[in-house]
file entry.cif (mmCIF, C-alpha atoms)
data_input
#
loop_
_atom_site.label_atom_id
_atom_site.label_comp_id
_atom_site.auth_asym_id
_atom_site.auth_seq_id
_atom_site.Cartn_x
_atom_site.Cartn_y
_atom_site.Cartn_z
CA MET A 11 -1.89 -7.08 -57.22
CA ALA A 12 0.14 -9.95 -55.72
CA SER A 13 0.38 -13.11 -57.77
CA ALA A 14 -1.11 -16.31 -56.38
CA GLU A 15 1.29 -18.68 -54.67
CA ARG A 16 2.33 -21.54 -56.94
CA PHE A 17 0.58 -24.82 -56.21
CA PHE A 18 2.57 -28.04 -55.73
CA CYS A 19 0.50 -31.20 -55.43
CA ALA A 20 3.11 -33.08 -53.37
CA ASP A 21 3.29 -30.29 -50.80
CA SER A 22 -0.49 -30.21 -50.58
CA ALA A 23 -0.75 -34.01 -50.22
CA ARG A 24 1.77 -34.02 -47.38
CA MET A 25 -0.07 -31.24 -45.57
CA ARG A 26 -3.32 -33.22 -45.88
CA GLY A 27 -1.61 -36.45 -44.85
CA ASP A 28 -2.87 -38.34 -47.91
CA PRO A 29 -2.45 -42.10 -47.32
CA MET A 30 -0.41 -43.77 -50.05
CA ALA A 31 -0.98 -47.46 -49.23
CA GLY A 32 -2.88 -49.14 -52.05
CA THR A 33 -1.88 -46.68 -54.79
CA ALA A 34 0.61 -48.74 -56.83
CA PRO A 35 -0.63 -49.36 -60.40
CA ARG A 36 -1.05 -53.01 -61.34
CA GLY A 37 1.56 -54.55 -63.63
CA LEU A 38 4.11 -57.33 -64.02
CA VAL A 39 6.01 -56.25 -67.15
CA TRP A 40 7.99 -53.08 -67.83
CA VAL A 41 9.65 -51.80 -71.01
CA LEU A 42 12.42 -49.26 -70.48
CA ILE A 43 13.71 -47.15 -73.37
CA GLU A 44 16.67 -44.85 -72.82
CA TYR A 45 15.89 -41.52 -74.44
CA ARG A 46 18.24 -38.58 -74.01
CA GLY A 47 16.06 -35.93 -75.64
CA ARG A 48 13.27 -33.95 -74.01
CA TRP A 49 10.56 -36.28 -72.76
CA PRO A 50 7.12 -35.52 -74.22
CA LEU A 51 4.21 -34.91 -71.88
CA ASP A 52 2.82 -38.38 -72.64
CA GLY A 53 6.17 -40.20 -72.72
CA PHE A 54 6.63 -42.89 -75.35
CA ASP A 55 3.31 -42.06 -77.01
CA GLY A 56 4.61 -38.59 -77.85
CA LEU A 57 7.93 -39.65 -79.38
CA ASP A 58 8.51 -38.91 -83.05
CA LEU A 59 9.62 -42.41 -84.08
CA GLU A 60 9.44 -44.37 -87.32
CA PRO A 61 5.68 -45.17 -87.44
CA ALA A 62 5.84 -48.91 -88.20
CA THR A 63 8.35 -49.57 -85.42
CA LYS A 64 6.47 -47.46 -82.94
CA THR A 65 3.22 -49.29 -83.71
CA LEU A 66 4.97 -52.66 -83.40
CA VAL A 67 6.40 -51.84 -79.96
CA PHE A 68 3.16 -50.32 -78.72
CA SER A 69 1.08 -53.31 -79.87
CA ALA A 70 3.50 -55.83 -78.36
CA ALA A 71 3.45 -53.94 -75.06
CA GLN A 72 -0.35 -53.89 -75.05
CA THR A 73 -0.49 -57.64 -75.67
CA ALA A 74 1.96 -58.28 -72.82
CA ARG A 75 0.20 -55.70 -70.60
CA ALA A 76 3.55 -53.98 -70.25
CA ARG A 77 4.16 -50.39 -69.23
CA ILE A 78 6.58 -48.41 -71.42
CA LEU A 79 8.78 -45.88 -69.64
CA LEU A 80 11.42 -43.57 -71.05
CA VAL A 81 14.56 -43.52 -68.92
CA GLU A 82 17.89 -41.75 -68.64
CA ARG A 83 20.79 -41.76 -66.20
CA PRO A 84 20.79 -39.11 -63.45
CA GLY A 85 22.98 -36.07 -63.97
CA ARG A 86 24.41 -34.61 -67.16
CA ARG A 87 23.36 -36.40 -70.35
CA ARG A 88 26.09 -38.31 -72.14
CA ARG A 89 26.41 -37.52 -75.84
CA GLU A 90 27.97 -40.62 -77.36
CA GLY A 91 27.21 -44.31 -77.67
CA PRO A 92 23.98 -46.24 -78.28
CA ASP A 93 20.99 -46.03 -75.95
CA ARG A 94 19.72 -49.03 -74.02
CA TRP A 95 16.38 -50.72 -73.76
CA ALA A 96 15.10 -53.38 -71.37
CA VAL A 97 12.17 -55.74 -70.86
CA LEU A 98 11.70 -56.59 -67.20
CA ARG A 99 9.06 -58.92 -65.84
CA ARG A 100 7.90 -60.51 -62.62
CA GLU A 101 6.07 -63.80 -63.02
CA THR A 102 3.13 -64.72 -60.81
CA SER A 103 5.41 -67.28 -59.15
CA GLY A 104 7.71 -64.47 -58.00
CA VAL A 105 10.49 -65.27 -60.48
CA VAL A 106 11.98 -62.12 -62.03
CA ARG A 107 13.44 -61.94 -65.54
CA GLN A 108 15.34 -59.32 -67.53
CA GLN A 109 16.40 -58.70 -71.12
CA TRP A 110 18.62 -55.80 -72.19
CA GLY A 111 19.68 -54.46 -75.57
CA THR A 112 20.84 -51.31 -77.34
CA TRP A 113 19.44 -49.09 -80.07
CA SER A 114 20.83 -46.36 -82.31
CA GLY A 115 18.11 -46.08 -84.98
CA ASP A 116 14.35 -46.29 -84.52
CA GLU A 117 14.16 -49.65 -86.29
CA ASP A 118 16.39 -51.19 -83.60
CA LEU A 119 13.52 -50.85 -81.14
CA ALA A 120 11.74 -53.68 -82.94
CA GLN A 121 13.89 -55.94 -80.76
CA ILE A 122 11.59 -55.02 -77.88
CA ALA A 123 8.64 -56.77 -79.53
CA THR A 124 10.69 -59.95 -79.82
CA ALA A 125 11.87 -59.67 -76.22
CA LEU A 126 8.30 -59.27 -74.99
CA ASP A 127 7.48 -62.61 -76.62
CA THR A 128 10.35 -64.51 -74.96
CA PRO A 129 10.96 -65.31 -71.27
CA GLY A 130 14.31 -63.60 -70.68
CA ARG A 131 17.02 -64.48 -68.21
CA PRO A 132 16.05 -65.07 -64.57
CA GLY A 133 17.54 -62.87 -61.87
CA GLY A 134 19.75 -59.84 -62.35
CA PRO A 135 20.11 -56.79 -60.10
CA PRO A 136 16.90 -54.81 -59.53
CA VAL A 137 16.44 -51.52 -61.35
CA LEU A 138 15.62 -48.37 -59.37
CA LEU A 139 13.33 -46.06 -61.31
CA VAL A 140 12.90 -42.51 -60.01
CA CYS A 141 10.14 -40.49 -61.64
CA THR A 142 11.53 -37.08 -62.67
CA HIS A 143 9.02 -36.31 -65.44
CA GLY A 144 8.72 -32.59 -64.80
CA HIS A 145 6.99 -31.95 -68.13
CA HIS A 146 4.18 -34.16 -66.83
CA ASP A 147 4.14 -32.80 -63.27
CA PRO A 148 6.60 -30.29 -61.72
CA CYS A 149 6.66 -32.10 -58.36
CA CYS A 150 8.19 -35.16 -60.01
CA ALA A 151 11.19 -33.14 -61.14
CA VAL A 152 11.54 -30.94 -58.04
CA ARG A 153 11.40 -33.86 -55.62
CA GLY A 154 12.57 -36.68 -57.89
CA ARG A 155 15.91 -35.37 -59.12
CA PRO A 156 17.54 -35.00 -55.68
CA VAL A 157 16.44 -38.56 -54.89
CA ALA A 158 17.86 -39.87 -58.16
CA ARG A 159 21.21 -38.21 -57.44
CA ALA A 160 21.32 -39.56 -53.89
CA LEU A 161 20.52 -43.11 -54.97
CA ALA A 162 22.98 -42.97 -57.88
CA LYS A 163 25.82 -42.30 -55.44
CA HIS A 164 25.13 -45.67 -53.84
CA TRP A 165 23.88 -47.75 -56.78
CA PRO A 166 25.12 -45.99 -59.96
CA GLU A 167 24.48 -48.95 -62.27
CA GLN A 168 20.94 -49.56 -61.07
CA VAL A 169 19.41 -46.08 -60.95
CA TRP A 170 17.50 -44.48 -63.82
CA GLU A 171 15.31 -41.41 -63.99
CA CYS A 172 12.01 -42.22 -65.72
CA THR A 173 8.78 -40.81 -67.09
CA HIS A 174 5.42 -40.76 -65.31
CA VAL A 175 4.74 -43.73 -63.01
CA GLY A 176 1.52 -42.45 -61.43
CA GLY A 177 0.80 -40.74 -58.13
CA ASP A 178 2.42 -37.36 -58.75
CA ARG A 179 1.26 -36.12 -55.33
CA PHE A 180 3.42 -38.79 -53.69
CA ALA A 181 6.64 -37.52 -55.27
CA ALA A 182 9.37 -38.45 -55.00
CA ASN A 183 8.31 -41.86 -56.30
CA VAL A 184 10.71 -44.79 -56.66
CA VAL A 185 9.70 -48.03 -58.39
CA ILE A 186 11.83 -51.14 -58.01
CA VAL A 187 11.52 -53.39 -61.03
CA PRO A 188 11.04 -56.17 -61.78
CA ASP A 189 10.34 -56.63 -58.04
CA GLY A 190 7.22 -54.54 -58.58
CA VAL A 191 7.40 -52.37 -55.45
CA TYR A 192 6.32 -48.71 -55.33
CA TYR A 193 7.64 -46.28 -52.74
CA GLY A 194 6.51 -42.66 -52.37
CA GLY A 195 6.96 -39.54 -50.29
CA LEU A 196 10.74 -39.91 -50.40
CA ASP A 197 13.55 -37.40 -50.09
CA ALA A 198 17.29 -37.84 -50.56
CA GLU A 199 17.90 -39.19 -47.05
CA SER A 200 14.85 -41.41 -46.64
CA SER A 201 15.25 -42.89 -50.13
CA VAL A 202 18.71 -44.27 -49.36
CA VAL A 203 17.53 -45.82 -46.08
CA THR A 204 14.41 -47.23 -47.71
CA ILE A 205 16.34 -48.88 -50.55
CA GLU A 206 19.04 -50.22 -48.23
CA GLU A 207 16.32 -51.88 -46.19
CA HIS A 208 14.58 -53.15 -49.33
CA PHE A 209 17.79 -54.78 -50.55
CA SER A 210 18.11 -56.41 -47.11
CA ASP A 211 14.59 -57.84 -47.67
CA ARG A 212 13.14 -55.61 -44.96
CA ILE A 213 10.25 -53.67 -46.46
CA HIS A 214 8.74 -51.07 -44.12
CA HIS A 215 5.30 -49.51 -44.31
CA HIS A 216 6.37 -45.87 -43.99
CA HIS A 217 6.86 -45.07 -47.69
CA LEU A 218 5.23 -48.15 -49.23
CA ARG A 219 2.62 -47.46 -51.89
CA GLY A 220 2.16 -51.11 -52.75
CA TYR A 221 3.11 -54.24 -54.68
CA THR A 222 2.17 -54.16 -58.35
CA ASP A 223 0.99 -57.78 -58.48
CA LEU A 224 -1.76 -57.08 -55.93
CA ALA A 225 -5.09 -55.24 -56.02
CA PRO A 226 -5.24 -51.92 -54.12
CA LEU A 227 -7.07 -53.38 -51.10
CA GLN A 228 -4.52 -56.17 -50.85
CA GLN A 229 -1.68 -53.67 -51.10
CA ALA A 230 -3.19 -51.70 -48.24
CA ALA A 231 -3.59 -54.89 -46.19
CA ILE A 232 0.12 -55.69 -46.62
CA ALA A 233 1.08 -52.15 -45.57
CA ALA A 234 -1.16 -52.35 -42.50
CA THR A 235 0.38 -55.69 -41.54
CA LEU A 236 3.91 -54.30 -41.86
CA ARG A 237 2.87 -51.36 -39.71
CA ARG A 238 1.44 -53.70 -37.05
CA PHE A 239 4.07 -56.45 -37.00
CA GLY A 240 7.18 -54.82 -38.44
CA PRO A 241 9.13 -55.02 -41.71
CA ALA A 242 9.16 -58.17 -43.83
CA GLY A 243 10.52 -59.46 -47.12
CA ARG A 244 8.83 -59.03 -50.48
CA SER A 245 7.44 -62.59 -50.42
CA ASP A 246 6.99 -63.08 -46.67
CA TYR A 247 3.25 -62.37 -46.83
CA THR A 248 0.90 -63.73 -49.46
CA VAL A 249 -2.81 -63.07 -49.93
CA ALA A 250 -4.89 -66.12 -49.04
CA GLU A 251 -8.39 -64.66 -49.29
CA SER A 252 -10.21 -61.41 -50.04
CA ALA A 253 -13.87 -61.08 -49.10
CA ARG A 254 -16.42 -58.33 -48.66
CA GLN A 255 -18.88 -58.26 -45.77
CA GLY A 256 -21.15 -55.25 -45.89
CA ASP A 257 -19.06 -52.10 -45.73
CA LEU A 258 -15.95 -54.01 -44.69
CA TRP A 259 -13.36 -55.89 -46.68
CA ARG A 260 -11.48 -58.74 -45.01
CA ILE A 261 -8.08 -59.66 -46.40
CA ARG A 262 -6.44 -62.79 -45.01
CA LEU A 263 -2.69 -63.12 -45.35
CA THR A 264 -0.40 -66.07 -44.90
CA GLY A 265 2.93 -65.24 -43.32
CA ARG A 266 6.27 -66.98 -43.45
CA ALA A 267 8.27 -67.49 -40.22
CA PRO A 268 9.30 -65.59 -38.17
CA HIS A 269 6.24 -63.51 -39.09
CA PRO A 270 2.70 -64.35 -37.99
CA GLU A 271 1.37 -67.40 -39.82
CA ARG A 272 -2.14 -66.02 -40.42
CA VAL A 273 -3.22 -62.39 -40.33
CA GLU A 274 -6.63 -60.88 -41.00
CA VAL A 275 -6.94 -57.23 -42.00
CA GLU A 276 -10.27 -55.41 -42.07
CA LEU A 277 -10.53 -52.33 -44.26
CA GLN A 278 -13.09 -49.73 -45.20
CA VAL A 279 -13.03 -48.04 -48.58
CA HIS A 280 -14.12 -44.44 -48.94
CA ARG A 281 -13.38 -41.39 -51.03
CA SER A 282 -11.34 -38.46 -49.86
CA PRO A 283 -12.82 -34.94 -49.87
CA PRO A 284 -12.41 -33.30 -53.30
CA CYS A 285 -9.07 -31.55 -53.77
CA ARG A 286 -6.42 -30.87 -56.41
CA LEU A 287 -4.52 -34.13 -56.85
CA THR A 288 -1.96 -33.03 -59.46
CA CYS A 289 -0.11 -29.82 -60.28
CA ARG A 290 -1.56 -29.59 -63.78
CA GLY A 291 -5.08 -30.67 -62.92
CA ALA A 292 -6.89 -27.55 -61.74
CA ALA A 293 -10.21 -29.30 -61.11
CA ALA A 294 -10.83 -30.85 -57.69
CA SER A 295 -11.37 -34.60 -57.53
CA SER A 296 -11.41 -37.30 -54.88
CA ALA A 297 -9.27 -40.40 -54.43
CA LEU A 298 -10.08 -43.82 -53.01
CA VAL A 299 -8.76 -44.38 -49.50
CA TYR A 300 -8.24 -47.87 -48.05
CA GLU A 301 -8.52 -47.46 -44.28
CA PRO A 302 -7.54 -50.42 -42.08
CA THR A 303 -9.87 -50.80 -39.08
CA SER A 304 -8.40 -53.99 -37.62
CA VAL A 305 -5.21 -56.02 -37.99
CA HIS A 306 -4.99 -59.21 -35.95
CA ILE A 307 -3.60 -62.74 -35.87
CA VAL A 308 -6.15 -65.50 -36.56
#

call {"tool": "encode", "arguments": {"input": "entry.cif", "output": "structure tokens"}}
result
Amino acid sequence: MASAERFFCADSARMRGDPMAGTAPRGLVWVLIEYRGRWPLDGFDGLDLEPATKTLVFSAAQTARARILLVERPGRRRREGPDRWAVLRRETSGVVRQQWGTWSGDEDLAQIATALDTPGRPGGPPVLLVCTHGHHDPCCAVRGRPVARALAKHWPEQVWECTHVGGDRFAANVVIVPDGVYYGGLDAESSVVTIEEHFSDRIHHHHLRGYTDLAPLQQAAIAATLRRFGPAGRSDYTVAESARQGDLWRIRLTGRAPHPERVEVELQVHRSPPCRLTCRGAAASSALVYEPTSVHIV
């Protein structure tokens, strides 16, 4: 009897044409911990660390509403030297801040709790996180690792592989922090072009999942506006108003020249037909879809 063909959620999502706009998880603060061992299924939560330090870091991250990700450099693991950690944040004003340190023993990670309670230095080069957490979902490793290698050839000091960032079916996923921008559905070639454009402050809609400081509907409205009027910078559109009228949501955006000054996006929210959304989740489930029905200048 022939064995069943192996299921890959990213292949299935691409065949269905799953829309990715509006799927970036909310968040303004990220904790990165370099870890060169095997990543547990649940990332930081599954690490065998000194209990008091682990509890301290976890509690501080919860208070700051920070996401903790394990990271490592693409390619062969180095064997010597201390590991690094970072606290990266984007303020509501748009200012980005970074703090970096090193750790050799578990107790050194207590520095993260202190860093989460202090502002950090403004600026610094963005960090490119590529999800390659194959223990969590095979698609992340299969599609993520080639993207990490391709990006590392261009930006070797800025690229890290990381644990689960959400949206396995959109692998390969790249998150730019502390900018707070999610891209999905990437491969080696499209990832380089996408990041080159991002660094030129030209964000396109094609692979955009969303901005992490916005609600899903607002993320989808930004993506629809970029699709209608062309690429724009990270801060070129801001949300002025979000309102519901019956089955429709209306999102009004304010644009900065040379982009339209005022844009209104109408969206409908519905659920997709039930399907397998992840490689490891055998049960069918549905996802929210944010469908733009109108994008116009007001």

call {"tool": "closest_residue", "arguments": {"input": "entry.cif", "among": "A:Val184, A:Ala125, A:Ala160, A:Val305", "to": "Cys141 (chain A)", "atoms": "all atoms listed in the file"}}
result
A:Val184

call {"tool": "resolve_selection", "arguments": {"input": "entry.cif", "expression": "the PyMOL selection byres ((chain A and resi 50-62) around 7)", "output": "list in words"}}
result
Arg48, Trp49, Thr63, Lys64, Thr65, Leu66, Ile78, Leu79, Leu80, Asp116, His145, His146 and Thr173 of chain A

call {"tool": "resolve_selection", "arguments": {"input": "entry.cif", "expression": "the PyMOL selection byres ((chain A and resi 34) around 10)", "output": "list in words"}}
result
Met30, Ala31, Gly32, Thr33, Pro35, Arg36, Gly37, Val175, Gly176, Gly177, Val185, Gly190, Val191, Tyr192, Tyr193, Gly194, Leu218, Arg219, Gly220, Tyr221, Thr222, Asp223, Leu224, Ala225, Pro226, Gln229 and Ala230 of chain A

call {"tool": "atom_distance", "arguments": {"input": "entry.cif", "atom1": "CA of Arg131 (chain A)", "atom2": "CA of Val39 (chain A)"}}
result
13.8 Å

call {"tool": "resolve_selection", "arguments": {"input": "entry.cif", "expression": "the PyMOL selection byres ((chain A and resi 96) around 9)", "output": "ChimeraX atom specification"}}
result
/A:40-44,94-95,97-98,108-112,122,125

call {"tool": "closest_residue", "arguments": {"input": "entry.cif", "among": "A:His306, A:His174, A:Arg244, A:His214", "to": "Val273 (chain A)", "atoms": "only C-alpha atoms"}}
result
A:His306

call {"tool": "closest_residue", "arguments": {"input": "entry.cif", "among": "A:Leu126, A:Leu263, A:Ala234, A:Val279", "to": "Thr248 (chain A)", "atoms": "all atoms listed in the file"}}
result
A:Leu263

call {"tool": "atom_distance", "arguments": {"input": "entry.cif", "atom1": "CA of Trp170 (chain A)", "atom2": "CA of Arg237 (chain A)"}}
result
29.0 Å

call {"tool": "atom_distance", "arguments": {"input": "entry.cif", "atom1": "CA of Arg179 (chain A)", "atom2": "CA of Gly243 (chain A)"}}
result
26.4 Å

call {"tool": "closest_residue", "arguments": {"input": "entry.cif", "among": "A:Pro283, A:Gly256, A:Gly265, A:Gly134", "to": "Val299 (chain A)", "atoms": "all atoms listed in the file"}}
result
A:Pro283

call {"tool": "closest_residue", "arguments": {"input": "entry.cif", "among": "A:His143, A:Pro156, A:Glu117, A:Leu38", "to": "Thr102 (chain A)", "atoms": "all atoms listed in the file"}}
result
A:Leu38
